[in-house]
Amino acid sequence: MMNLKVLLPFEIFKELDEVERITVETDKGSFGLLPHRLDCVAAIVPGILTYQRRGEDDIYIAVDEGVLVKTGADVSISVRHAVSGNDLEQLHQTVEQEFSQQSEQDKKVHSVYQKMESDFIRRLSAFNHDS
C-alpha cells in the first residue's frame, strides 16, 4: 500500500494511507503508480488524478500543473490547485466554477500589475527628465 499526500501552496489538500493505485497525467501521457514501483519524479500537467484505496471506488482530483515524487511507499504530489470528487460530471462542473473564479482573480491581479508597471515607467520617465 502507498501513502498519498496532495500538497497545495499553503495547505495539505489530502493525506491518505492504504492507497492501492494512483494515475496522473504527465506531458508524456498517463502515468500509473502501484505500491512496488521504483522511486521516481514526474512533472504533472493539468488533468485528472485518480486514486483507489483498499475496498473503495475510484476517487478523482482535478489538479493543476505540479510535481509528483515517489519515495518508497510515500507519494507526494505538489500542485497549485486541486478539486476532488467521486463523480466526473460533478467534478467537471466544480472545476469550471473554480476556474471561472480564478480567471476573474487573474484578471484583477493582471490589472494591478499593469497599473504598477505604468506608474513605475511614468516615475522613471519623470526622474530621467529631471536629471
# chains A, B, ... in the order shown; residues from 1 in each chain; ligands from 1
>>> select_by_dssp(residues="range 45-125 of chain A", states="helix (DSSP H, G or I)", output="JSON, numbers by chain")
{"A": [88, 89, 90, 91, 92, 93, 94, 95, 96, 97, 98, 99, 100, 101, 102, 103, 104, 105, 106, 107, 108, 109, 110, 111, 112, 113, 114, 115, 116, 117, 118, 119, 120, 121, 122, 123, 124, 125]}
>>> residues_around(residues="His81 in chain A", least_positions_apart="3", cutoff="8 Å", atoms="only C-alpha atoms", output="number ranges by chain")
A: 8, 63-64
>>> write_last_selection(atoms="N, CA and C atoms", output="PDB file, in the first residue's frame")
ATOM      1  N   LEU A   8      -0.917  21.648  -1.571  1.00  0.00           N
ATOM      2  CA  LEU A   8      -1.160  22.923  -2.227  1.00  0.00           C
ATOM      3  C   LEU A   8      -0.158  23.919  -1.658  1.00  0.00           C
ATOM      4  N   VAL A  63      -6.374  18.458 -10.972  1.00  0.00           N
ATOM      5  CA  VAL A  63      -5.175  19.142 -10.494  1.00  0.00           C
ATOM      6  C   VAL A  63      -4.617  20.072 -11.560  1.00  0.00           C
ATOM      7  N   ASP A  64      -3.925  21.060 -11.098  1.00  0.00           N
ATOM      8  CA  ASP A  64      -3.184  21.969 -11.950  1.00  0.00           C
ATOM      9  C   ASP A  64      -1.797  21.351 -12.166  1.00  0.00           C
TER      10      ASP A  64
END
>>> closest_residue(among="A:Val75, A:Leu88, A:Cys40, A:Leu124", to="Glu18 in chain A", atoms="only C-alpha atoms")
A:Val75
>>> residues_around(residues="Ile48 in chain A", least_positions_apart="6", cutoff="7 Å", atoms="only C-alpha atoms", output="PyMOL selection string")
chain A and resi 24-25+60-63
>>> residues_around(residues="Phe10 in chain A", least_positions_apart="4", cutoff="12 Å", atoms="only C-alpha atoms", output="number ranges by chain")
A: 6, 78-81
>>> closest_residue(among="A:Leu38, A:Val45, A:Ile77, A:Ile59", to="Phe13 in chain A", atoms="only C-alpha atoms")
A:Ile77
>>> closest_residue(among="A:Ala73, A:Ala42, A:Leu7, A:Leu68", to="Val19 in chain A", atoms="only C-alpha atoms")
A:Ala73
